[in-house]
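Engineer: See start19.cif below, with mmCIF, C-alpha atoms.
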```cif
data_upload
#
loop_
_atom_site.group_PDB
_atom_site.id
_atom_site.type_symbol
_atom_site.label_atom_id
_atom_site.label_comp_id
_atom_site.auth_asym_id
_atom_site.auth_seq_id
_atom_site.Cartn_x
_atom_site.Cartn_y
_atom_site.Cartn_z
ATOM 1 C CA MET A 1 53.163 27.753 126.273
ATOM 2 C CA THR A 2 54.294 30.005 123.449
ATOM 3 C CA GLY A 3 52.682 30.683 120.084
ATOM 4 C CA ALA A 4 55.533 28.853 118.364
ATOM 5 C CA ALA A 5 54.676 25.635 120.198
ATOM 6 C CA LEU A 6 51.192 25.696 118.680
ATOM 7 C CA THR A 7 52.445 25.431 115.132
ATOM 8 C CA ALA A 8 55.168 22.874 115.795
ATOM 9 C CA ASP A 9 54.321 19.185 116.345
ATOM 10 C CA VAL A 10 54.569 18.758 120.101
ATOM 11 C CA GLY A 11 52.320 15.756 120.719
ATOM 12 C CA THR A 12 53.202 12.242 119.635
ATOM 13 C CA ARG A 13 50.112 10.343 120.858
ATOM 14 C CA GLY A 14 46.592 10.537 119.402
ATOM 15 C CA THR A 15 43.273 9.476 120.925
ATOM 16 C CA GLY A 16 44.053 5.750 120.789
ATOM 17 C CA THR A 17 44.977 3.727 123.864
ATOM 18 C CA PHE A 18 45.313 0.010 124.643
ATOM 19 C CA VAL A 19 41.608 -0.106 125.632
ATOM 20 C CA THR A 20 40.348 1.533 122.421
ATOM 21 C CA ARG A 21 42.555 -0.769 120.325
ATOM 22 C CA ALA A 22 41.200 -3.844 122.139
ATOM 23 C CA ILE A 23 37.604 -2.643 121.684
ATOM 24 C CA GLY A 24 38.297 -1.864 118.018
ATOM 25 C CA ILE A 25 39.688 -5.336 117.297
ATOM 26 C CA ALA A 26 36.778 -6.991 119.139
ATOM 27 C CA ALA A 27 34.311 -4.846 117.167
ATOM 28 C CA LEU A 28 35.900 -5.878 113.846
ATOM 29 C CA LEU A 29 35.812 -9.584 114.743
ATOM 30 C CA VAL A 30 32.204 -9.592 115.955
ATOM 31 C CA THR A 31 31.074 -7.495 112.962
ATOM 32 C CA ALA A 32 32.759 -9.966 110.573
ATOM 33 C CA TRP A 33 30.911 -12.830 112.281
ATOM 34 C CA VAL A 34 27.565 -10.987 112.036
ATOM 35 C CA VAL A 35 28.025 -10.343 108.292
ATOM 36 C CA ILE A 36 28.947 -14.003 107.638
ATOM 37 C CA SER A 37 26.047 -15.265 109.729
ATOM 38 C CA ALA A 38 23.532 -12.782 108.281
ATOM 39 C CA PHE A 39 24.394 -13.673 104.675
ATOM 40 C CA PHE A 40 25.382 -17.349 104.781
ATOM 41 C CA ILE A 41 24.227 -19.075 107.972
ATOM 42 C CA THR A 42 20.810 -17.782 109.060
ATOM 43 C CA PRO A 43 17.794 -19.029 107.104
ATOM 44 C CA ALA A 44 15.424 -16.845 105.112
ATOM 45 C CA ASP A 45 12.285 -15.809 107.024
ATOM 46 C CA VAL A 46 9.019 -17.616 106.252
ATOM 47 C CA GLN A 47 7.149 -14.332 105.681
ATOM 48 C CA GLN A 48 9.863 -11.767 104.888
ATOM 49 C CA GLY A 49 12.116 -14.034 102.793
ATOM 50 C CA ASP A 50 15.721 -12.850 102.365
ATOM 51 C CA SER A 51 14.861 -9.256 103.254
ATOM 52 C CA VAL A 52 15.116 -10.337 106.912
ATOM 53 C CA ARG A 53 18.929 -10.171 106.438
ATOM 54 C CA ILE A 54 18.596 -6.362 106.544
ATOM 55 C CA MET A 55 17.151 -6.700 110.065
ATOM 56 C CA TYR A 56 20.519 -7.794 111.491
ATOM 57 C CA ALA A 57 21.792 -4.282 110.742
ATOM 58 C CA HIS A 58 18.521 -2.335 111.114
ATOM 59 C CA VAL A 59 17.435 -3.516 114.590
ATOM 60 C CA PRO A 60 20.881 -3.151 116.281
ATOM 61 C CA ALA A 61 21.278 0.289 114.682
ATOM 62 C CA ALA A 62 17.938 1.422 116.163
ATOM 63 C CA TRP A 63 18.701 -0.053 119.613
ATOM 64 C CA ILE A 64 22.181 1.491 119.741
ATOM 65 C CA ALA A 65 20.714 4.847 118.731
ATOM 66 C CA TYR A 66 18.380 4.578 121.763
ATOM 67 C CA LEU A 67 21.387 3.615 123.930
ATOM 68 C CA ALA A 68 23.362 6.572 122.587
ATOM 69 C CA PHE A 69 20.573 9.066 123.323
ATOM 70 C CA ILE A 70 20.051 7.634 126.821
ATOM 71 C CA THR A 71 23.830 7.916 127.401
ATOM 72 C CA THR A 72 23.631 11.531 126.238
ATOM 73 C CA ALA A 73 20.835 12.205 128.732
ATOM 74 C CA VAL A 74 22.636 10.532 131.650
ATOM 75 C CA ALA A 75 25.937 12.308 130.894
ATOM 76 C CA SER A 76 24.027 15.593 130.514
ATOM 77 C CA GLY A 77 22.335 15.086 133.881
ATOM 78 C CA VAL A 78 25.698 14.484 135.566
ATOM 79 C CA SER A 79 27.183 17.435 133.691
ATOM 80 C CA LEU A 80 24.379 19.704 134.953
ATOM 81 C CA ALA A 81 24.777 18.463 138.513
ATOM 82 C CA ARG A 82 28.579 18.895 138.498
ATOM 83 C CA ARG A 83 28.861 21.735 135.970
ATOM 84 C CA HIS A 84 31.499 23.720 137.849
ATOM 85 C CA ARG A 85 33.999 20.855 138.031
ATOM 86 C CA THR A 86 34.588 19.302 134.627
ATOM 87 C CA LEU A 87 33.476 19.379 130.990
ATOM 88 C CA GLY A 88 34.185 15.657 130.540
ATOM 89 C CA PHE A 89 30.561 14.559 130.884
ATOM 90 C CA ASP A 90 29.419 17.243 128.461
ATOM 91 C CA ARG A 91 31.904 15.932 125.895
ATOM 92 C CA VAL A 92 30.641 12.364 126.410
ATOM 93 C CA ALA A 93 27.071 13.644 125.922
ATOM 94 C CA GLY A 94 28.011 15.370 122.670
ATOM 95 C CA ALA A 95 30.039 12.437 121.336
ATOM 96 C CA SER A 96 27.266 9.984 122.181
ATOM 97 C CA ALA A 97 24.660 12.141 120.422
ATOM 98 C CA GLU A 98 26.858 12.345 117.303
ATOM 99 C CA VAL A 99 27.187 8.574 117.137
ATOM 100 C CA GLY A 100 23.486 8.173 117.994
ATOM 101 C CA VAL A 101 22.493 10.386 115.066
ATOM 102 C CA LEU A 102 24.600 8.196 112.760
ATOM 103 C CA PHE A 103 22.933 4.998 114.029
ATOM 104 C CA MET A 104 19.456 6.524 113.925
ATOM 105 C CA GLY A 105 20.109 7.644 110.332
ATOM 106 C CA LEU A 106 21.237 4.111 109.476
ATOM 107 C CA ALA A 107 18.109 2.668 111.101
ATOM 108 C CA LEU A 108 15.976 4.988 108.946
ATOM 109 C CA VAL A 109 17.839 4.175 105.711
ATOM 110 C CA THR A 110 17.996 0.401 106.232
ATOM 111 C CA GLY A 111 14.357 0.411 107.399
ATOM 112 C CA SER A 112 13.408 2.281 104.257
ATOM 113 C CA LEU A 113 15.170 -0.298 102.031
ATOM 114 C CA TRP A 114 13.510 -3.127 103.976
ATOM 115 C CA GLY A 115 10.147 -1.360 103.667
ATOM 116 C CA ARG A 116 10.520 -1.183 99.873
ATOM 117 C CA LEU A 117 10.938 -4.972 99.766
ATOM 118 C CA THR A 118 8.265 -5.845 102.339
ATOM 119 C CA TRP A 119 5.635 -3.084 102.061
ATOM 120 C CA GLY A 120 6.383 -2.002 98.486
ATOM 121 C CA THR A 121 7.250 1.557 99.507
ATOM 122 C CA PHE A 122 10.325 3.355 100.835
ATOM 123 C CA TRP A 123 8.350 5.573 103.210
ATOM 124 C CA GLN A 124 4.962 5.778 104.914
ATOM 125 C CA TRP A 125 3.845 8.451 107.388
ATOM 126 C CA ASP A 126 3.255 5.668 109.879
ATOM 127 C CA PRO A 127 3.490 6.367 113.671
ATOM 128 C CA ARG A 128 6.772 4.423 114.179
ATOM 129 C CA LEU A 129 8.497 5.897 111.115
ATOM 130 C CA THR A 130 7.285 9.426 111.804
ATOM 131 C CA THR A 131 8.263 9.422 115.491
ATOM 132 C CA THR A 132 11.671 7.927 114.583
ATOM 133 C CA LEU A 133 12.245 10.661 112.005
ATOM 134 C CA PHE A 134 11.188 13.244 114.617
ATOM 135 C CA LEU A 135 13.690 11.772 117.104
ATOM 136 C CA PHE A 136 16.442 11.928 114.452
ATOM 137 C CA VAL A 137 15.659 15.577 113.627
ATOM 138 C CA THR A 138 15.559 16.456 117.349
ATOM 139 C CA TYR A 139 19.101 15.174 117.857
ATOM 140 C CA VAL A 140 20.356 16.872 114.691
ATOM 141 C CA GLY A 141 18.955 20.037 116.336
ATOM 142 C CA TYR A 142 20.733 19.122 119.576
ATOM 143 C CA LEU A 143 24.046 18.917 117.700
ATOM 144 C CA ALA A 144 23.307 22.284 116.070
ATOM 145 C CA VAL A 145 22.646 23.820 119.514
ATOM 146 C CA ARG A 146 26.017 22.491 120.710
ATOM 147 C CA ASN A 147 27.703 24.456 117.927
ATOM 148 C CA ILE A 148 25.962 27.778 118.668
ATOM 149 C CA ASP A 149 27.939 28.642 121.768
ATOM 150 C CA THR A 150 31.694 28.940 121.812
ATOM 151 C CA ASP A 151 31.771 29.244 125.613
ATOM 152 C CA PRO A 152 32.075 25.593 126.775
ATOM 153 C CA ARG A 153 30.275 26.118 130.122
ATOM 154 C CA ARG A 154 27.258 27.788 128.509
ATOM 155 C CA ARG A 155 27.232 25.154 125.757
ATOM 156 C CA ALA A 156 27.229 22.373 128.356
ATOM 157 C CA LYS A 157 24.303 23.872 130.278
ATOM 158 C CA ARG A 158 22.071 24.612 127.279
ATOM 159 C CA SER A 159 22.664 21.301 125.524
ATOM 160 C CA ALA A 160 22.195 19.324 128.761
ATOM 161 C CA VAL A 161 18.703 20.785 129.250
ATOM 162 C CA LEU A 162 17.815 19.956 125.645
ATOM 163 C CA ALA A 163 19.185 16.393 125.969
ATOM 164 C CA LEU A 164 17.093 15.756 129.095
ATOM 165 C CA LEU A 165 13.960 16.854 127.221
ATOM 166 C CA ALA A 166 14.779 15.036 123.960
ATOM 167 C CA VAL A 167 15.270 11.644 125.638
ATOM 168 C CA LEU A 168 11.575 11.651 126.587
ATOM 169 C CA GLU A 169 10.796 10.925 122.926
ATOM 170 C CA ILE A 170 12.356 7.444 123.091
ATOM 171 C CA PRO A 171 9.431 5.714 124.914
ATOM 172 C CA LEU A 172 7.078 7.417 122.468
ATOM 173 C CA VAL A 173 9.011 5.926 119.514
ATOM 174 C CA HIS A 174 9.322 2.470 121.064
ATOM 175 C CA PHE A 175 5.663 2.173 122.070
ATOM 176 C CA SER A 176 4.259 3.935 118.996
ATOM 177 C CA VAL A 177 3.444 0.529 117.441
ATOM 178 C CA VAL A 178 1.284 -0.299 120.477
ATOM 179 C CA LEU A 179 -0.220 3.154 121.067
ATOM 180 C CA TRP A 180 -1.361 3.709 117.475
ATOM 181 C CA ARG A 181 -2.352 1.509 114.571
ATOM 182 C CA SER A 182 0.946 1.040 112.727
ATOM 183 C CA LEU A 183 2.188 -0.552 109.528
ATOM 184 C CA HIS A 184 5.430 -1.337 111.382
ATOM 185 C CA GLN A 185 5.446 -4.732 113.081
ATOM 186 C CA GLU A 186 5.295 -4.930 116.864
ATOM 187 C CA ALA A 187 8.455 -5.791 118.815
ATOM 188 C CA SER A 188 9.619 -9.390 118.222
ATOM 189 C CA VAL A 189 12.205 -9.387 121.034
ATOM 190 C CA LEU A 190 11.619 -6.461 123.400
ATOM 191 C CA ASN A 191 7.859 -7.058 123.682
ATOM 192 C CA THR A 192 5.696 -6.707 126.748
ATOM 193 C CA ASP A 193 4.651 -10.408 127.010
ATOM 194 C CA GLY A 194 8.276 -11.637 127.077
ATOM 195 C CA ASP A 195 7.634 -14.121 124.248
ATOM 196 C CA VAL A 196 10.583 -14.033 121.804
ATOM 197 C CA ARG A 197 9.231 -14.930 118.370
ATOM 198 C CA LEU A 198 12.494 -15.737 116.548
ATOM 199 C CA ASP A 199 14.465 -18.773 115.365
ATOM 200 C CA ASP A 200 17.488 -19.506 117.637
ATOM 201 C CA MET A 201 20.136 -18.786 115.001
ATOM 202 C CA MET A 202 18.334 -15.610 113.931
ATOM 203 C CA LEU A 203 18.168 -14.474 117.557
ATOM 204 C CA PHE A 204 21.876 -15.250 118.104
ATOM 205 C CA THR A 205 22.847 -13.299 114.973
ATOM 206 C CA LEU A 206 20.644 -10.403 116.023
ATOM 207 C CA PHE A 207 22.262 -10.249 119.466
ATOM 208 C CA SER A 208 25.713 -10.591 117.889
ATOM 209 C CA GLY A 209 24.765 -7.541 115.822
ATOM 210 C CA VAL A 210 23.813 -5.690 119.004
ATOM 211 C CA VAL A 211 27.175 -6.632 120.582
ATOM 212 C CA ALA A 212 29.073 -5.540 117.437
ATOM 213 C CA PHE A 213 27.284 -2.191 117.215
ATOM 214 C CA THR A 214 27.687 -1.636 120.981
ATOM 215 C CA LEU A 215 31.457 -2.144 120.678
ATOM 216 C CA ILE A 216 31.550 0.218 117.692
ATOM 217 C CA PHE A 217 29.493 2.757 119.659
ATOM 218 C CA VAL A 218 31.858 2.614 122.657
ATOM 219 C CA TRP A 219 34.932 2.898 120.395
ATOM 220 C CA LEU A 220 33.507 5.873 118.504
ATOM 221 C CA VAL A 221 32.338 7.687 121.652
ATOM 222 C CA MET A 222 35.750 7.262 123.324
ATOM 223 C CA HIS A 223 37.567 8.646 120.302
ATOM 224 C CA ARG A 224 35.105 11.461 119.632
ATOM 225 C CA GLN A 225 34.979 12.685 123.227
ATOM 226 C CA ARG A 226 38.797 12.757 123.236
ATOM 227 C CA LEU A 227 38.708 14.642 119.939
ATOM 228 C CA ALA A 228 36.348 17.159 121.596
ATOM 229 C CA ALA A 229 38.789 17.419 124.521
ATOM 230 C CA LEU A 230 41.617 18.119 122.072
ATOM 231 C CA ARG A 231 39.531 20.886 120.447
ATOM 232 C CA ASP A 232 38.840 22.455 123.846
ATOM 233 C CA LEU A 233 42.508 22.108 124.803
ATOM 234 C CA GLU A 234 43.598 23.732 121.561
ATOM 235 C CA GLN A 235 41.212 26.646 122.099
ATOM 236 C CA GLY A 236 42.454 27.050 125.669
ATOM 237 C CA VAL A 237 46.086 26.757 124.639
ATOM 238 C CA GLY A 238 45.465 29.188 121.747
ATOM 239 C CA LEU A 239 43.911 31.725 124.109
ATOM 240 C CA ASP A 240 46.813 31.424 126.545
ATOM 241 C CA ALA A 241 49.287 31.920 123.713
ATOM 242 C CA ALA A 242 47.406 34.978 122.405
ATOM 243 C CA ILE A 243 47.326 36.544 125.888
ATOM 244 C CA ALA A 244 51.055 35.806 126.367
ATOM 245 C CA ALA A 245 51.850 37.362 122.969
ATOM 246 C CA ARG A 246 49.814 40.512 123.777
ATOM 247 C CA ARG A 247 51.526 40.785 127.187
ATOM 248 C CA GLY A 248 54.879 40.439 125.455
ATOM 249 C CA GLU A 249 53.956 43.177 122.954
ATOM 250 C CA SER A 250 52.731 45.465 125.759
ATOM 251 C CA ALA A 251 55.892 44.881 127.787
ATOM 252 C CA ALA A 252 58.024 45.623 124.722
ATOM 253 C CA THR A 253 56.060 48.837 123.999
ATOM 254 C CA VAL A 254 56.303 50.013 127.601
ATOM 255 C CA GLY A 255 59.997 49.104 127.690
ATOM 256 C CA SER A 256 60.776 51.039 124.495
ATOM 257 C CA SER A 257 58.749 54.093 125.637
ATOM 258 C CA ASN A 258 60.750 54.193 128.876
ATOM 259 C CA THR A 259 64.155 54.311 127.172
ATOM 260 C CA PRO A 260 66.017 57.700 127.359
ATOM 261 C CA SER A 261 65.816 58.279 123.589
ATOM 262 C CA SER A 262 62.061 57.737 123.514
ATOM 263 C CA ARG A 263 61.560 60.262 126.364
ATOM 264 C CA GLY A 264 63.176 62.873 124.124
ATOM 265 C CA ALA A 265 65.913 63.577 126.605
ATOM 266 C CA MET B 1 19.087 -15.013 97.259
ATOM 267 C CA ASP B 2 16.209 -12.657 96.424
ATOM 268 C CA ASP B 3 16.575 -8.875 96.482
ATOM 269 C CA ILE B 4 20.332 -9.090 96.950
ATOM 270 C CA GLY B 5 20.797 -5.498 95.725
ATOM 271 C CA PHE B 6 18.706 -4.025 98.552
ATOM 272 C CA ILE B 7 20.284 -6.287 101.162
ATOM 273 C CA LEU B 8 23.833 -5.506 100.029
ATOM 274 C CA ALA B 9 23.032 -1.784 99.829
ATOM 275 C CA SER B 10 21.771 -1.835 103.442
ATOM 276 C CA TRP B 11 24.944 -3.456 104.727
ATOM 277 C CA LEU B 12 27.304 -1.399 102.571
ATOM 278 C CA ILE B 13 25.658 1.870 103.632
ATOM 279 C CA SER B 14 25.721 0.813 107.314
ATOM 280 C CA LEU B 15 29.287 -0.446 107.514
ATOM 281 C CA GLY B 16 30.573 2.177 105.047
ATOM 282 C CA SER B 17 29.113 5.086 107.061
ATOM 283 C CA ILE B 18 30.512 3.725 110.321
ATOM 284 C CA ALA B 19 33.949 3.183 108.744
ATOM 285 C CA LEU B 20 33.897 6.683 107.257
ATOM 286 C CA LEU B 21 33.096 8.284 110.638
ATOM 287 C CA ALA B 22 35.827 6.183 112.295
ATOM 288 C CA VAL B 23 38.447 7.195 109.713
ATOM 289 C CA VAL B 24 37.490 10.901 109.798
ATOM 290 C CA THR B 25 37.565 10.872 113.628
ATOM 291 C CA VAL B 26 40.987 9.216 113.881
ATOM 292 C CA ARG B 27 42.520 11.436 111.167
ATOM 293 C CA ARG B 28 41.215 14.651 112.775
ATOM 294 C CA ALA B 29 42.356 13.454 116.181
ATOM 295 C CA LYS B 30 45.871 12.663 114.895
ATOM 296 C CA LYS B 31 46.150 16.078 113.246
ATOM 297 C CA LEU B 32 44.958 17.913 116.358
ATOM 298 C CA ALA B 33 46.881 15.711 118.806
ATOM 299 C CA ALA B 34 50.161 16.667 117.130
ATOM 300 C CA ARG B 35 49.628 20.275 118.276
ATOM 301 C CA ILE B 36 48.851 19.403 121.909
ATOM 302 C CA PRO B 37 51.562 18.192 124.314
ATOM 303 C CA ASP B 38 51.079 14.588 125.459
ATOM 304 C CA ASP B 39 51.082 15.554 129.138
ATOM 305 C CA ALA B 40 47.976 17.710 128.540
ATOM 306 C CA LYS B 41 45.959 14.694 127.315
ATOM 307 C CA PRO B 42 44.065 13.249 130.296
ATOM 308 C CA TRP B 43 43.615 9.765 128.766
ATOM 309 C CA LEU B 44 47.370 9.102 128.469
#
```
Let me see the file written as structure tokens.

Structural biologist:
Amino acid sequence: MTGAALTADVGTRGTGTFVTRAIGIAALLVTAWVVISAFFITPADVQQGDSVRIMYAHVPAAWIAYLAFITTAVASGVSLARRHRTLGFDRVAGASAEVGVLFMGLALVTGSLWGRLTWGTFWQWDPRLTTTLFLFVTYVGYLAVRNIDTDPRRRAKRSAVLALLAVLEIPLVHFSVVLWRSLHQEASVLNTDGDVRLDDMMLFTLFSGVVAFTLIFVWLVMHRQRLAALRDLEQGVGLDAAIAARRGESAATVGSSNTPSSRGA
Amino acid sequence: MDDIGFILASWLISLGSIALLAVVTVRRAKKLAARIPDDAKPWL
């Protein structure tokens, strides 16, 4: 690979494939259904009124953030175990954390708007809200740690250890409403007694939201881990080109110094 | 519908942020992918 090839357009295909396109179309369709159902089909809640319509975005966002952080931990564990073979799992871990931070941020923002309508305040230093904010900040820190090191192997090792520690916060967040006295309501679906306290249509819309956000999560992670692979490839290709250029310069210098005129003959 | 402003804001922020990340990701990927040969991309 020469330096010239780096500046010219050599690739014709991006990060999209048939699978990502299929997932993307499915995500758009399911999301459209969730929006229609949330606004026009599901009834208002007896206690919360229309503010319950925020829940169809808030709850899936929080669950998918958990899923993303668990995916990061699993991929990090595999990356640590097989660190001398491939960086693929490290890239999945990083991409999943990026998308998880987005969903966790959305859960915080939508929860805050819902809280203003239901509790009369945007924020309370309540156990669930505080632990969720702490989880969000932890993963922002994780992403910062990923950007410290330019050496991909060292980056993979350091961030994997951090991801395996950070995931331990998730049970603390989920059970914070049970462990401490909290303003936040207890789980309506994922509760310990298995009693789902929701209207059928509300439950269906909520699960449709989970499906929609899961598809979006998978689509984003696939594209972002491929984007990370492209970055690594570019750095590798750039390094190869720089080394080749320096070798070429050295060869030219040595060649010119060995000519009869340069020897002063 | 009561409190429509808050409800709409929640959905617009959620879907808007996701769409923004998707667009930024695809645009960056397209730009970068043009500089990398197709046979070096493991997903193709």

Engineer: Go through chain A residue by residue and, counting all atoms listed in the file, keep those with an atom at most 9 Å from chain B; for each kept residue give the shortest atom pair and its distance in Å to one decimal, ordered by chain and increasing number, as a Markdown table.

Structural biologist:
```
| residue | atom | partner | partner_atom | distance |
| --- | --- | --- | --- | --- |
| A:Ala5 | CA | B:Arg35 | CA | 7.6 |
| A:Leu6 | CA | B:Arg35 | CA | 5.7 |
| A:Thr7 | CA | B:Arg35 | CA | 6.7 |
| A:Ala8 | CA | B:Arg35 | CA | 6.6 |
| A:Asp9 | CA | B:Ala34 | CA | 4.9 |
| A:Val10 | CA | B:Pro37 | CA | 5.2 |
| A:Gly11 | CA | B:Ala34 | CA | 4.3 |
| A:Thr12 | CA | B:Ala34 | CA | 5.9 |
| A:Arg13 | CA | B:Asp38 | CA | 6.3 |
| A:Gly14 | CA | B:Lys30 | CA | 5.0 |
| A:Thr15 | CA | B:Ala29 | CA | 6.3 |
| A:Gly16 | CA | B:Val26 | CA | 8.3 |
| A:Thr17 | CA | B:Leu44 | CA | 7.5 |
| A:Val35 | CA | B:Trp11 | CA | 8.3 |
| A:Ala44 | CA | B:Met1 | CA | 8.9 |
| A:Gly49 | CA | B:Asp2 | CA | 7.7 |
| A:Asp50 | CA | B:Asp2 | CA | 6.0 |
| A:Ser51 | CA | B:Ile7 | CA | 6.5 |
| A:Val52 | CA | B:Ile7 | CA | 8.7 |
| A:Arg53 | CA | B:Ile7 | CA | 6.7 |
| A:Ile54 | CA | B:Ile7 | CA | 5.6 |
| A:Ala57 | CA | B:Trp11 | CA | 6.8 |
| A:His58 | CA | B:Ser10 | CA | 8.3 |
| A:Ala61 | CA | B:Ser14 | CA | 8.6 |
| A:Val99 | CA | B:Leu21 | CA | 8.8 |
| A:Leu102 | CA | B:Ile18 | CA | 7.8 |
| A:Phe103 | CA | B:Ser14 | CA | 8.4 |
| A:Leu106 | CA | B:Ser14 | CA | 6.0 |
| A:Ala107 | CA | B:Ser14 | CA | 8.7 |
| A:Val109 | CA | B:Ser10 | CA | 7.5 |
| A:Thr110 | CA | B:Ser10 | CA | 5.2 |
| A:Gly111 | CA | B:Ser10 | CA | 8.7 |
| A:Leu113 | CA | B:Phe6 | CA | 6.2 |
| A:Trp114 | CA | B:Phe6 | CA | 7.6 |
| A:Arg116 | CA | B:Phe6 | CA | 8.8 |
| A:Leu117 | CA | B:Asp3 | CA | 7.6 |
| A:Ile216 | CA | B:Ile18 | CA | 8.2 |
| A:Trp219 | CA | B:Ala22 | CA | 8.8 |
| A:Leu220 | CA | B:Ala22 | CA | 6.6 |
| A:His223 | CA | B:Thr25 | CA | 7.0 |
| A:Arg224 | CA | B:Thr25 | CA | 6.5 |
| A:Arg226 | CA | B:Trp43 | CA | 7.9 |
| A:Leu227 | CA | B:Ala29 | CA | 5.4 |
| A:Ala228 | CA | B:Ala29 | CA | 8.9 |
| A:Ala229 | CA | B:Lys41 | CA | 8.2 |
| A:Leu230 | CA | B:Leu32 | CA | 6.6 |
| A:Arg231 | CA | B:Leu32 | CA | 7.4 |
| A:Leu233 | CA | B:Ile36 | CA | 7.5 |
| A:Glu234 | CA | B:Ile36 | CA | 6.8 |
| A:Val237 | CA | B:Ile36 | CA | 8.3 |
```

Engineer: Could you check how far CA of Leu162 in chain A sits from CA of Tyr142 in chain A, in Å to one decimal?

Structural biologist: 6.8 Å

Engineer: Given the choices A:Val140, A:Val92, A:Leu135, A:Leu206, which gets closest to Leu172 in chain A if the distance is worked out from all atoms listed in the file?

Structural biologist: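 Looking only at the distances to Leu172 in chain A, the closest residue turns out to be A:Leu135.
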
Engineer: Measure the distance from CA of Gln225 in chain A to CA of Pro171 in chain A in Å and round it to one decimal.

Structural biologist: 26.5 Å

Engineer: Specify as a list in words each residue included when the PyMOL selection byres ((chain A and resi 129) around 10) is applied to this file.

Structural biologist: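 For this structure, the PyMOL selection byres ((chain A and resi 129) around 10) resolves to Leu108, Gly111, Ser112, Trp123, Gln124, Trp125, Asp126, Pro127, Arg128, Thr130, Thr131, Thr132, Leu133, Phe134, Leu135, Val173, Ser176, Val177, Ser182, Leu183 and His184 of chain A.
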
Engineer: What does the distance from CA of Ala65 in chain A to CA of Met104 in chain A come to in Å, to one decimal?

Structural biologist: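 These atoms are spaced 5.2 Å apart.
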
Engineer: Please provide as a short mmCIF file (atom, residue, chain, number, x, y, z; two decimals) with C-alpha atoms, in the frame of the given file all residues within 12 Å of range 146-151 of chain A, with the sequence filter that same-chain residues fewer than 2 positions apart are discarded (counting all atoms listed in the file).

Structural biologist:
```
data_model
loop_
_atom_site.label_atom_id
_atom_site.label_comp_id
_atom_site.auth_asym_id
_atom_site.auth_seq_id
_atom_site.Cartn_x
_atom_site.Cartn_y
_atom_site.Cartn_z
CA LEU A 87 33.48 19.38 130.99
CA ASP A 90 29.42 17.24 128.46
CA ARG A 91 31.90 15.93 125.90
CA ALA A 93 27.07 13.64 125.92
CA GLY A 94 28.01 15.37 122.67
CA ALA A 95 30.04 12.44 121.34
CA ALA A 97 24.66 12.14 120.42
CA GLU A 98 26.86 12.34 117.30
CA TYR A 139 19.10 15.17 117.86
CA VAL A 140 20.36 16.87 114.69
CA GLY A 141 18.95 20.04 116.34
CA TYR A 142 20.73 19.12 119.58
CA LEU A 143 24.05 18.92 117.70
CA ALA A 144 23.31 22.28 116.07
CA ARG A 153 30.28 26.12 130.12
CA ARG A 154 27.26 27.79 128.51
CA ARG A 155 27.23 25.15 125.76
CA ALA A 156 27.23 22.37 128.36
CA LYS A 157 24.30 23.87 130.28
CA ARG A 158 22.07 24.61 127.28
CA SER A 159 22.66 21.30 125.52
CA ALA A 160 22.20 19.32 128.76
CA VAL A 161 18.70 20.78 129.25
CA LEU A 162 17.82 19.96 125.64
CA ALA A 163 19.18 16.39 125.97
CA ALA A 228 36.35 17.16 121.60
CA ARG A 231 39.53 20.89 120.45
CA ASP A 232 38.84 22.46 123.85
CA GLN A 235 41.21 26.65 122.10
CA GLY A 236 42.45 27.05 125.67
#
```

Engineer: Mind giving me the axis-aligned box for range 28-44 of chain B with 3 Å on every side, centre plus edges in Å to one decimal, as AutoDock Vina command-line options?

Structural biologist:
```
--center_x 46.4 --center_y 14.7 --center_z 121.5 --size_x 16.3 --size_y 17.2 --size_z 23.5
```
